[in-house]
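Visitor: You'll find entry.cif just under this line, and it carries mmCIF, C-alpha atoms.
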```
data_structure
#
loop_
_atom_site.group_PDB
_atom_site.id
_atom_site.type_symbol
_atom_site.label_atom_id
_atom_site.label_comp_id
_atom_site.auth_asym_id
_atom_site.auth_seq_id
_atom_site.Cartn_x
_atom_site.Cartn_y
_atom_site.Cartn_z
ATOM 1 C CA MET R 250 65.180 91.010 121.689
ATOM 2 C CA SER R 251 66.642 87.725 122.931
ATOM 3 C CA ARG R 252 68.121 87.129 119.470
ATOM 4 C CA ARG R 253 69.918 90.466 119.655
ATOM 5 C CA ARG R 254 71.217 89.672 123.111
ATOM 6 C CA SER R 255 72.492 86.283 122.021
ATOM 7 C CA ASP R 256 74.193 87.818 118.969
ATOM 8 C CA ALA R 257 75.768 90.491 121.173
ATOM 9 C CA ALA R 258 76.934 87.862 123.646
ATOM 10 C CA ALA R 259 78.473 85.818 120.829
ATOM 11 C CA ALA R 260 80.214 88.915 119.465
ATOM 12 C CA PHE R 261 81.637 89.767 122.883
ATOM 13 C CA ALA R 262 82.776 86.167 123.323
ATOM 14 C CA PHE R 263 84.694 86.271 120.033
ATOM 15 C CA LEU R 264 86.178 89.707 120.764
ATOM 16 C CA ALA R 265 87.058 88.985 124.382
ATOM 17 C CA PRO R 266 90.390 87.155 123.757
ATOM 18 C CA ASP R 267 91.707 89.910 121.492
ATOM 19 C CA GLY R 268 90.377 92.583 123.806
ATOM 20 C CA LEU R 269 92.006 90.935 126.810
ATOM 21 C CA GLY R 270 95.276 90.602 124.906
ATOM 22 C CA LEU R 271 95.242 94.276 123.930
ATOM 23 C CA LEU R 272 94.469 95.245 127.500
ATOM 24 C CA LEU R 273 97.219 93.119 129.072
ATOM 25 C CA PHE R 274 99.953 93.509 126.490
ATOM 26 C CA VAL R 275 99.308 96.984 125.046
ATOM 27 C CA ALA R 276 97.159 99.204 127.248
ATOM 28 C CA VAL R 277 98.618 98.214 130.633
ATOM 29 C CA PRO R 278 102.323 98.382 129.546
ATOM 30 C CA THR R 279 101.665 101.740 127.856
ATOM 31 C CA ALA R 280 100.060 103.124 131.023
ATOM 32 C CA LEU R 281 102.913 101.742 133.149
ATOM 33 C CA ALA R 282 105.492 103.316 130.817
ATOM 34 C CA LEU R 283 103.787 106.658 131.218
ATOM 35 C CA VAL R 284 103.768 106.278 135.011
ATOM 36 C CA VAL R 285 107.376 105.056 135.247
ATOM 37 C CA GLY R 286 108.387 107.987 133.045
ATOM 38 C CA LEU R 287 107.461 110.270 135.936
ATOM 39 C CA PHE R 288 110.132 108.714 138.181
ATOM 40 C CA ASP R 289 113.886 108.254 138.253
ATOM 41 C CA VAL R 290 114.367 104.469 138.268
ATOM 42 C CA ASP R 291 117.823 102.900 138.109
ATOM 43 C CA GLY R 292 116.805 99.234 138.145
ATOM 44 C CA PHE R 293 118.396 98.575 141.566
ATOM 45 C CA GLY R 294 115.397 99.510 143.678
ATOM 46 C CA ASN R 295 116.136 103.228 143.811
ATOM 47 C CA VAL R 296 113.036 105.166 142.817
ATOM 48 C CA SER R 297 112.482 108.890 143.198
ATOM 49 C CA TRP R 298 109.867 111.297 141.913
ATOM 50 C CA ALA R 299 110.974 113.178 138.795
ATOM 51 C CA GLY R 300 107.733 114.676 137.561
ATOM 52 C CA LEU R 301 108.156 115.926 133.998
ATOM 53 C CA ASP R 302 111.965 116.081 134.205
ATOM 54 C CA ASN R 303 112.415 113.015 131.978
ATOM 55 C CA PHE R 304 110.172 114.541 129.339
ATOM 56 C CA ARG R 305 111.977 117.886 129.554
ATOM 57 C CA LEU R 306 115.303 116.086 129.190
ATOM 58 C CA MET R 307 114.189 114.650 125.862
ATOM 59 C CA ALA R 308 113.951 118.137 124.343
ATOM 60 C CA GLY R 309 117.734 118.581 124.508
ATOM 61 C CA ASP R 310 118.743 114.996 123.707
ATOM 62 C CA GLY R 311 120.267 115.206 120.245
ATOM 63 C CA LEU R 312 120.852 111.451 120.003
ATOM 64 C CA LEU R 313 117.182 110.793 120.739
ATOM 65 C CA TRP R 314 116.003 113.058 117.945
ATOM 66 C CA ARG R 315 118.569 111.512 115.635
ATOM 67 C CA SER R 316 117.036 108.135 116.508
ATOM 68 C CA PHE R 317 113.603 109.504 115.652
ATOM 69 C CA GLY R 318 115.010 110.648 112.311
ATOM 70 C CA VAL R 319 116.526 107.213 111.660
ATOM 71 C CA THR R 320 113.213 105.541 112.538
ATOM 72 C CA ALA R 321 111.264 107.896 110.275
ATOM 73 C CA LEU R 322 113.665 107.319 107.365
ATOM 74 C CA TYR R 323 113.536 103.575 107.921
ATOM 75 C CA ALA R 324 109.717 103.634 107.832
ATOM 76 C CA VAL R 325 109.625 105.860 104.737
ATOM 77 C CA LEU R 326 111.926 103.455 102.886
ATOM 78 C CA PHE R 327 110.550 100.182 104.217
ATOM 79 C CA VAL R 328 106.758 100.632 104.102
ATOM 80 C CA PRO R 329 106.292 101.481 100.383
ATOM 81 C CA LEU R 330 109.006 99.085 99.212
ATOM 82 C CA ALA R 331 107.592 96.163 101.209
ATOM 83 C CA PHE R 332 104.091 97.070 100.007
ATOM 84 C CA VAL R 333 105.030 97.064 96.316
ATOM 85 C CA VAL R 334 107.160 93.906 96.485
ATOM 86 C CA SER R 335 104.530 91.982 98.473
ATOM 87 C CA LEU R 336 101.700 93.014 96.145
ATOM 88 C CA ALA R 337 103.750 92.099 93.075
ATOM 89 C CA LEU R 338 104.502 88.652 94.514
ATOM 90 C CA ALA R 339 100.843 88.154 95.423
ATOM 91 C CA LEU R 340 99.790 88.935 91.863
ATOM 92 C CA LEU R 341 102.296 86.367 90.606
ATOM 93 C CA VAL R 342 101.155 83.533 92.873
ATOM 94 C CA ARG R 343 97.419 84.232 93.273
ATOM 95 C CA ASP R 344 96.403 81.795 90.517
ATOM 96 C CA HIS R 345 96.779 78.047 90.849
ATOM 97 C CA PHE R 346 99.569 76.445 88.828
ATOM 98 C CA PRO R 347 101.760 73.390 89.414
ATOM 99 C CA GLY R 348 103.940 74.025 92.454
ATOM 100 C CA VAL R 349 102.216 77.235 93.552
ATOM 101 C CA GLY R 350 102.039 75.969 97.130
ATOM 102 C CA ALA R 351 105.780 75.333 97.219
ATOM 103 C CA VAL R 352 106.485 78.777 95.772
ATOM 104 C CA ARG R 353 104.279 80.462 98.378
ATOM 105 C CA ALA R 354 105.899 78.448 101.159
ATOM 106 C CA ALA R 355 109.399 79.355 99.951
ATOM 107 C CA LEU R 356 108.529 83.052 99.862
ATOM 108 C CA PHE R 357 106.981 82.874 103.336
ATOM 109 C CA LEU R 358 109.816 80.812 104.834
ATOM 110 C CA PRO R 359 111.987 83.757 106.038
ATOM 111 C CA ASN R 360 109.093 85.012 108.174
ATOM 112 C CA ALA R 361 108.856 81.616 109.879
ATOM 113 C CA VAL R 362 112.432 81.898 111.166
ATOM 114 C CA SER R 363 113.441 83.905 114.229
ATOM 115 C CA LEU R 364 114.568 87.396 113.296
ATOM 116 C CA VAL R 365 117.627 86.901 115.502
ATOM 117 C CA VAL R 366 118.633 83.971 113.304
ATOM 118 C CA ILE R 367 117.909 86.064 110.210
ATOM 119 C CA GLY R 368 120.122 88.841 111.561
ATOM 120 C CA LEU R 369 122.992 86.479 112.331
ATOM 121 C CA LEU R 370 122.672 84.895 108.893
ATOM 122 C CA TRP R 371 122.848 88.214 107.058
ATOM 123 C CA GLN R 372 125.633 89.456 109.301
ATOM 124 C CA PHE R 373 127.635 86.389 108.268
ATOM 125 C CA LEU R 374 126.788 86.891 104.582
ATOM 126 C CA LEU R 375 127.643 90.607 104.660
ATOM 127 C CA THR R 376 130.891 90.397 106.637
ATOM 128 C CA ASP R 377 133.494 92.645 105.041
ATOM 129 C CA LYS R 378 135.899 90.847 102.670
ATOM 130 C CA THR R 379 135.088 87.333 103.918
ATOM 131 C CA GLY R 380 131.284 87.316 103.602
ATOM 132 C CA VAL R 381 129.584 85.593 100.680
ATOM 133 C CA VAL R 382 127.972 88.816 99.470
ATOM 134 C CA SER R 383 131.279 90.688 99.748
ATOM 135 C CA ARG R 384 133.068 88.016 97.732
ATOM 136 C CA LEU R 385 130.388 88.030 95.066
ATOM 137 C CA GLY R 386 130.559 91.825 95.018
ATOM 138 C CA ALA R 387 134.316 91.695 94.538
ATOM 139 C CA ALA R 388 133.760 89.632 91.401
ATOM 140 C CA VAL R 389 131.754 92.488 89.857
ATOM 141 C CA GLY R 390 133.887 95.343 91.157
ATOM 142 C CA LEU R 391 132.083 95.980 94.471
ATOM 143 C CA GLY R 392 134.662 94.414 96.727
ATOM 144 C CA GLY R 393 135.216 97.562 98.769
ATOM 145 C CA VAL R 394 131.591 97.995 99.807
ATOM 146 C CA SER R 395 130.908 97.641 103.547
ATOM 147 C CA TRP R 396 127.179 96.946 103.680
ATOM 148 C CA LEU R 397 126.834 97.126 107.468
ATOM 149 C CA GLY R 398 129.891 99.258 108.232
ATOM 150 C CA ASP R 399 129.197 102.245 105.989
ATOM 151 C CA PRO R 400 126.900 104.856 107.618
ATOM 152 C CA ASP R 401 125.425 105.657 104.208
ATOM 153 C CA LEU R 402 124.578 102.025 103.428
ATOM 154 C CA ALA R 403 123.835 100.357 106.763
ATOM 155 C CA LEU R 404 120.233 101.567 107.134
ATOM 156 C CA VAL R 405 119.403 100.819 103.494
ATOM 157 C CA THR R 406 120.833 97.326 103.967
ATOM 158 C CA LEU R 407 118.604 96.762 107.009
ATOM 159 C CA VAL R 408 115.603 97.981 105.011
ATOM 160 C CA LEU R 409 116.312 95.435 102.258
ATOM 161 C CA ILE R 410 116.748 92.637 104.802
ATOM 162 C CA SER R 411 113.466 93.638 106.479
ATOM 163 C CA VAL R 412 111.621 93.609 103.157
ATOM 164 C CA TRP R 413 113.008 90.150 102.383
ATOM 165 C CA PHE R 414 111.954 88.971 105.852
ATOM 166 C CA LEU R 415 108.390 90.351 105.808
ATOM 167 C CA MET R 416 107.414 90.152 102.134
ATOM 168 C CA GLY R 417 106.099 86.573 102.371
ATOM 169 C CA TYR R 418 103.749 87.420 105.235
ATOM 170 C CA GLN R 419 102.346 90.469 103.491
ATOM 171 C CA MET R 420 102.136 88.501 100.245
ATOM 172 C CA LEU R 421 99.798 85.964 101.858
ATOM 173 C CA ILE R 422 97.586 88.778 103.150
ATOM 174 C CA PHE R 423 97.365 90.208 99.649
ATOM 175 C CA VAL R 424 96.672 86.759 98.199
ATOM 176 C CA GLY R 425 93.736 86.418 100.585
ATOM 177 C CA GLY R 426 92.414 89.800 99.472
ATOM 178 C CA LEU R 427 92.869 88.957 95.802
ATOM 179 C CA GLN R 428 91.027 85.661 96.145
ATOM 180 C CA ASP R 429 88.028 87.466 97.656
ATOM 181 C CA ILE R 430 87.542 89.517 94.481
ATOM 182 C CA PRO R 431 84.661 87.993 92.467
ATOM 183 C CA ALA R 432 85.820 86.451 89.185
ATOM 184 C CA GLU R 433 82.737 87.899 87.478
ATOM 185 C CA LEU R 434 84.260 91.366 87.723
ATOM 186 C CA TYR R 435 87.314 90.266 85.757
ATOM 187 C CA ASP R 436 85.131 88.469 83.211
ATOM 188 C CA ALA R 437 83.024 91.570 82.690
ATOM 189 C CA ALA R 438 86.118 93.760 82.337
ATOM 190 C CA THR R 439 87.611 91.352 79.785
ATOM 191 C CA VAL R 440 84.390 91.349 77.760
ATOM 192 C CA ASP R 441 84.544 95.153 77.750
ATOM 193 C CA GLY R 442 88.024 94.976 76.242
ATOM 194 C CA ALA R 443 90.072 95.834 79.326
ATOM 195 C CA GLY R 444 93.697 94.745 79.264
ATOM 196 C CA PRO R 445 95.809 93.561 82.239
ATOM 197 C CA TRP R 446 96.637 97.098 83.399
ATOM 198 C CA GLN R 447 93.042 98.280 83.039
ATOM 199 C CA ARG R 448 91.791 95.248 84.998
ATOM 200 C CA PHE R 449 94.277 95.960 87.774
ATOM 201 C CA ARG R 450 93.455 99.657 87.873
ATOM 202 C CA ARG R 451 89.668 99.373 87.599
ATOM 203 C CA VAL R 452 89.000 96.066 89.375
ATOM 204 C CA THR R 453 91.913 94.759 91.461
ATOM 205 C CA TRP R 454 93.069 97.958 93.127
ATOM 206 C CA PRO R 455 89.631 99.297 94.162
ATOM 207 C CA MET R 456 88.590 95.911 95.565
ATOM 208 C CA LEU R 457 91.938 95.480 97.318
ATOM 209 C CA ARG R 458 91.903 98.805 99.160
ATOM 210 C CA PRO R 459 90.777 97.495 102.589
ATOM 211 C CA THR R 460 93.515 94.848 102.468
ATOM 212 C CA SER R 461 96.020 97.442 101.309
ATOM 213 C CA PHE R 462 95.095 99.685 104.214
ATOM 214 C CA PHE R 463 95.621 96.846 106.703
ATOM 215 C CA VAL R 464 99.047 96.092 105.218
ATOM 216 C CA LEU R 465 99.946 99.783 105.233
ATOM 217 C CA VAL R 466 99.058 100.282 108.902
ATOM 218 C CA THR R 467 100.631 97.063 110.189
ATOM 219 C CA SER R 468 103.853 97.561 108.211
ATOM 220 C CA THR R 469 104.128 101.108 109.584
ATOM 221 C CA ILE R 470 103.755 99.794 113.130
ATOM 222 C CA ASN R 471 106.320 97.070 112.388
ATOM 223 C CA ALA R 472 108.757 99.652 111.020
ATOM 224 C CA VAL R 473 108.514 101.790 114.162
ATOM 225 C CA THR R 474 108.142 99.295 116.990
ATOM 226 C CA GLY R 475 108.323 95.835 115.386
ATOM 227 C CA LEU R 476 110.982 93.188 115.747
ATOM 228 C CA GLN R 477 113.032 94.486 112.837
ATOM 229 C CA ALA R 478 113.239 97.894 114.543
ATOM 230 C CA PHE R 479 115.056 96.299 117.493
ATOM 231 C CA ASP R 480 116.056 92.646 117.020
ATOM 232 C CA LEU R 481 117.611 93.156 113.597
ATOM 233 C CA VAL R 482 119.439 96.305 114.719
ATOM 234 C CA PHE R 483 120.636 94.661 117.936
ATOM 235 C CA VAL R 484 122.036 91.600 116.167
ATOM 236 C CA THR R 485 123.567 93.174 113.060
ATOM 237 C CA THR R 486 124.770 96.710 113.838
ATOM 238 C CA SER R 487 124.073 97.538 117.511
ATOM 239 C CA GLY R 488 122.875 100.931 116.339
ATOM 240 C CA GLY R 489 126.052 101.736 114.416
ATOM 241 C CA PRO R 490 127.991 102.747 112.580
ATOM 242 C CA ALA R 491 127.969 106.276 114.058
ATOM 243 C CA ASN R 492 124.357 105.783 115.245
ATOM 244 C CA ALA R 493 123.246 105.449 111.609
ATOM 245 C CA THR R 494 120.886 102.577 112.486
ATOM 246 C CA SER R 495 119.955 103.541 116.047
ATOM 247 C CA THR R 496 116.150 103.399 116.066
ATOM 248 C CA VAL R 497 114.051 104.842 118.873
ATOM 249 C CA VAL R 498 113.282 101.457 120.428
ATOM 250 C CA TYR R 499 116.966 100.520 120.352
ATOM 251 C CA TYR R 500 117.915 103.864 121.900
ATOM 252 C CA ALA R 501 115.331 103.329 124.655
ATOM 253 C CA TYR R 502 116.825 99.866 125.276
ATOM 254 C CA GLN R 503 120.273 101.424 125.638
ATOM 255 C CA GLN R 504 119.031 103.995 128.105
ATOM 256 C CA ALA R 505 117.318 101.337 130.228
ATOM 257 C CA PHE R 506 119.620 98.330 130.178
ATOM 258 C CA GLN R 507 123.025 99.842 129.419
ATOM 259 C CA PHE R 508 122.823 103.115 131.326
ATOM 260 C CA GLY R 509 120.262 102.181 133.994
ATOM 261 C CA ARG R 510 117.927 105.082 133.165
ATOM 262 C CA PHE R 511 114.659 103.167 133.248
ATOM 263 C CA GLY R 512 112.529 106.223 133.938
ATOM 264 C CA TYR R 513 113.967 108.079 130.963
ATOM 265 C CA ALA R 514 113.550 105.011 128.737
ATOM 266 C CA ALA R 515 109.914 104.721 129.804
ATOM 267 C CA ALA R 516 109.350 108.381 128.954
ATOM 268 C CA ILE R 517 110.846 107.787 125.503
ATOM 269 C CA CYS R 518 108.545 104.805 124.931
ATOM 270 C CA ALA R 519 105.535 106.846 126.036
ATOM 271 C CA LEU R 520 106.442 109.564 123.526
ATOM 272 C CA LEU R 521 106.931 106.932 120.831
ATOM 273 C CA VAL R 522 103.471 105.465 121.485
ATOM 274 C CA VAL R 523 101.917 108.915 121.206
ATOM 275 C CA ALA R 524 103.790 109.603 117.951
ATOM 276 C CA LEU R 525 102.800 106.225 116.495
ATOM 277 C CA GLY R 526 99.181 106.809 117.508
ATOM 278 C CA ALA R 527 99.254 110.173 115.732
ATOM 279 C CA VAL R 528 100.665 108.601 112.555
ATOM 280 C CA THR R 529 98.051 105.833 112.630
ATOM 281 C CA ALA R 530 95.263 108.360 113.165
ATOM 282 C CA ALA R 531 96.589 110.376 110.226
ATOM 283 C CA LEU R 532 96.544 107.256 108.026
ATOM 284 C CA PHE R 533 92.936 106.597 109.028
ATOM 285 C CA ALA R 534 91.988 110.206 108.276
ATOM 286 C CA LEU R 535 93.808 110.411 104.944
ATOM 287 C CA THR R 536 92.432 107.113 103.636
ATOM 288 C CA ARG R 537 89.043 107.308 105.375
ATOM 289 C CA GLY R 538 89.743 104.077 107.183
ATOM 290 C CA GLY R 539 90.867 102.218 104.085
ATOM 291 C CA ARG R 540 88.150 103.526 101.779
ATOM 292 C CA PHE R 541 90.578 106.063 100.280
ATOM 293 C CA ASP R 542 88.564 108.208 97.854
ATOM 294 C CA ALA R 543 85.186 106.831 98.908
#
```
Rewrite the coordinates I just gave you, this time as structure tokens.

Guide:
Amino acid sequence: MSRRRSDAAAAFAFLAPDGLGLLLFVAVPTALALVVGLFDVDGFGNVSWAGLDNFRLMAGDGLLWRSFGVTALYAVLFVPLAFVVSLALALLVRDHFPGVGAVRAALFLPNAVSLVVIGLLWQFLLTDKTGVVSRLGAAVGLGGVSWLGDPDLALVTLVLISVWFLMGYQMLIFVGGLQDIPAELYDAATVDGAGPWQRFRRVTWPMLRPTSFFVLVTSTINAVTGLQAFDLVFVTTSGGPANATSTVVYYAYQQAFQFGRFGYAAAICALLVVALGAVTAALFALTRGGRFDA
């Protein structure tokens, strides 16, 4: 019995820092957002009870629902593309070869830089007519393309920048998962005559499913509430053109810090947390917690 107690105490000791972090930086802010959403708060000390008025106001806010649509489209484009690119890179660099460390470091490097710096860099590169990308595009007949100024292209451009920014991080996660797969499984599959595709389909993918599920969930959260959903939008497009890149978190920021509607912004964030929780729960249910067809 004492052994069980000591093991339980050790487990709690290891989990305590993460649990405390989740409590302080996730649970408490979420609860406060829900509470503040019940008041009219202008940021200058004026607070009055609003009840459910802020939540009722959201029903008729067309720009808010457009922001939800932009966020959903961004996630639908970003999550699978980042997943495929990161997994492909991991498969390329999982084995040791001369310079593999340098290649992995180069691919991870964008994620080590502040996303604000990344946004400013790409804004400079994509500047109409004078940017490097625009000049290179002009050489191949794409000189008239406005990557950040065209409502039809701006969100896709941000998706591609986000994939470039995050692919190195997700690649390393996949590399860790790939290295945990026993080599004996590949040897047995090779002896049975399995080719590269058969080995990936019958060995790599089934063994990589828990890692894939982790990447899927975290990239979905990043797409909805992560830095690229706000920082990148704030630096590069400010939600434009014509609200084509206005995500929910950026719209909530506008309501709070540009229009002084802190209560309404808090209500929006509370709704976003509920929606994200529902999506995450659906992912758990559909994949059986990463076991997929198990």

Visitor: I'd like the residues picked by the PyMOL selection byres ((chain R and resi 494) around 8) written out as a list in words, using the chain letters and numbers from the file.

Guide: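 For this structure, the PyMOL selection byres ((chain R and resi 494) around 8) captures Ser316, Val319, Ala403, Leu404, Val482, Thr486, Ser487, Gly488, Gly489, Pro490, Asn492, Ala493, Ser495 and Thr496 of chain R.
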
Visitor: Please identify all polymer residues lying at most 12 Å from the point (105.7, 78.3, 99.7) (file coordinates), using all atoms listed in the file, and present the result as number ranges by chain.

Guide: R: 338-339, 342, 348-361, 417-418, 420-421

Visitor: Can you spit out the residues from that selection as a PDB file, in the coordinates of the input, using C-alpha atoms?

Guide:
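Result file selection.pdb:
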```pdb
ATOM      1  CA  LEU R 338     104.502  88.652  94.514  1.00  0.00           C
ATOM      2  CA  ALA R 339     100.843  88.154  95.423  1.00  0.00           C
ATOM      3  CA  VAL R 342     101.155  83.533  92.873  1.00  0.00           C
ATOM      4  CA  GLY R 348     103.940  74.025  92.454  1.00  0.00           C
ATOM      5  CA  VAL R 349     102.216  77.235  93.552  1.00  0.00           C
ATOM      6  CA  GLY R 350     102.039  75.969  97.130  1.00  0.00           C
ATOM      7  CA  ALA R 351     105.780  75.333  97.219  1.00  0.00           C
ATOM      8  CA  VAL R 352     106.485  78.777  95.772  1.00  0.00           C
ATOM      9  CA  ARG R 353     104.279  80.462  98.378  1.00  0.00           C
ATOM     10  CA  ALA R 354     105.899  78.448 101.159  1.00  0.00           C
ATOM     11  CA  ALA R 355     109.399  79.355  99.951  1.00  0.00           C
ATOM     12  CA  LEU R 356     108.529  83.052  99.862  1.00  0.00           C
ATOM     13  CA  PHE R 357     106.981  82.874 103.336  1.00  0.00           C
ATOM     14  CA  LEU R 358     109.816  80.812 104.834  1.00  0.00           C
ATOM     15  CA  PRO R 359     111.987  83.757 106.038  1.00  0.00           C
ATOM     16  CA  ASN R 360     109.093  85.012 108.174  1.00  0.00           C
ATOM     17  CA  ALA R 361     108.856  81.616 109.879  1.00  0.00           C
ATOM     18  CA  GLY R 417     106.099  86.573 102.371  1.00  0.00           C
ATOM     19  CA  TYR R 418     103.749  87.420 105.235  1.00  0.00           C
ATOM     20  CA  MET R 420     102.136  88.501 100.245  1.00  0.00           C
ATOM     21  CA  LEU R 421      99.798  85.964 101.858  1.00  0.00           C
TER      22      LEU R 421
END
```

Visitor: For the atom pair atom CA of Val296 of chain R and atom CA of Gly512 of chain R, what is the interatomic distance in Å to one decimal place?

Guide: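 Interatomic distance here is 9.0 Å.
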
Visitor: Could you tell me which residues the PyMOL selection byres ((chain R and resi 463-476) around 8) grabs in this file, written as a ChimeraX atom specification?

Guide: /R:320-321,323-324,327-328,332,364,419,422,459-462,477-481,497-498,525,529,532,539

Visitor: Atom CA of Thr279 of chain R and atom CA of Val484 of chain R are how many Å apart?

Guide: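 Computed distance, atom CA of Thr279 of chain R to atom CA of Val484 of chain R, equals 25.6 Å.
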
Visitor: Please, what distance in Å, to one decimal, runs between atom CA of Gly294 of chain R and atom CA of Leu273 of chain R?

Guide: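 These two atoms are separated by 24.2 Å.
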
Visitor: Output, as JSON, the centre and edge lengths in Å (one decimal) of the axis-aligned box that contains all listed atoms of segment 337-346 of chain R with 8 Å of margin on each side.

Guide:
```
{"center_x": 100.5, "center_y": 84.3, "center_z": 92.1, "size_x": 24.1, "size_y": 31.7, "size_z": 22.6}
```

Visitor: Go through R:Ala530, R:Val275, R:Leu269, R:Ile517 and flag the residue nearest Phe317 of chain R, using all atoms listed in the file for the distances.

Guide: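 Among R:Ala530, R:Val275, R:Leu269, R:Ile517, it is R:Ile517 that comes nearest to Phe317 of chain R.
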
Visitor: Given the PyMOL selection byres ((chain R and resi 368) around 9) and the file above, list the residues it selects as a PyMOL selection string.

Guide: chain R and resi 363-367+369-373+410+480-485

Visitor: Next, dump the selected residues to file, keeping only C-alpha atoms, as a PDB file, in the frame of the given file.

Guide:
```pdb
ATOM      1  CA  SER R 363     113.441  83.905 114.229  1.00  0.00           C
ATOM      2  CA  LEU R 364     114.568  87.396 113.296  1.00  0.00           C
ATOM      3  CA  VAL R 365     117.627  86.901 115.502  1.00  0.00           C
ATOM      4  CA  VAL R 366     118.633  83.971 113.304  1.00  0.00           C
ATOM      5  CA  ILE R 367     117.909  86.064 110.210  1.00  0.00           C
ATOM      6  CA  LEU R 369     122.992  86.479 112.331  1.00  0.00           C
ATOM      7  CA  LEU R 370     122.672  84.895 108.893  1.00  0.00           C
ATOM      8  CA  TRP R 371     122.848  88.214 107.058  1.00  0.00           C
ATOM      9  CA  GLN R 372     125.633  89.456 109.301  1.00  0.00           C
ATOM     10  CA  PHE R 373     127.635  86.389 108.268  1.00  0.00           C
ATOM     11  CA  ILE R 410     116.748  92.637 104.802  1.00  0.00           C
ATOM     12  CA  ASP R 480     116.056  92.646 117.020  1.00  0.00           C
ATOM     13  CA  LEU R 481     117.611  93.156 113.597  1.00  0.00           C
ATOM     14  CA  VAL R 482     119.439  96.305 114.719  1.00  0.00           C
ATOM     15  CA  PHE R 483     120.636  94.661 117.936  1.00  0.00           C
ATOM     16  CA  VAL R 484     122.036  91.600 116.167  1.00  0.00           C
ATOM     17  CA  THR R 485     123.567  93.174 113.060  1.00  0.00           C
TER      18      THR R 485
END
```

Visitor: Kindly indicate which residue among R:Ala331, R:Ile430, R:Ala438, R:Ala491 lies nearest to Met416 of chain R, using only C-alpha atoms for the distances.

Guide: R:Ala331

Visitor: Kindly provide, as a list in words, the polymer residues lying within 10 Å of (114.1, 114.3, 134.3), counting all atoms listed in the file and using the coordinates exactly as they appear in the file.

Guide: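 Answer for this query, in the requested form: Gly286, Leu287, Phe288, Asp289, Trp298, Ala299, Gly300, Leu301, Asp302, Asn303, Phe304, Arg305, Leu306, Met307, Gly512, Tyr513 and Ala516 of chain R.
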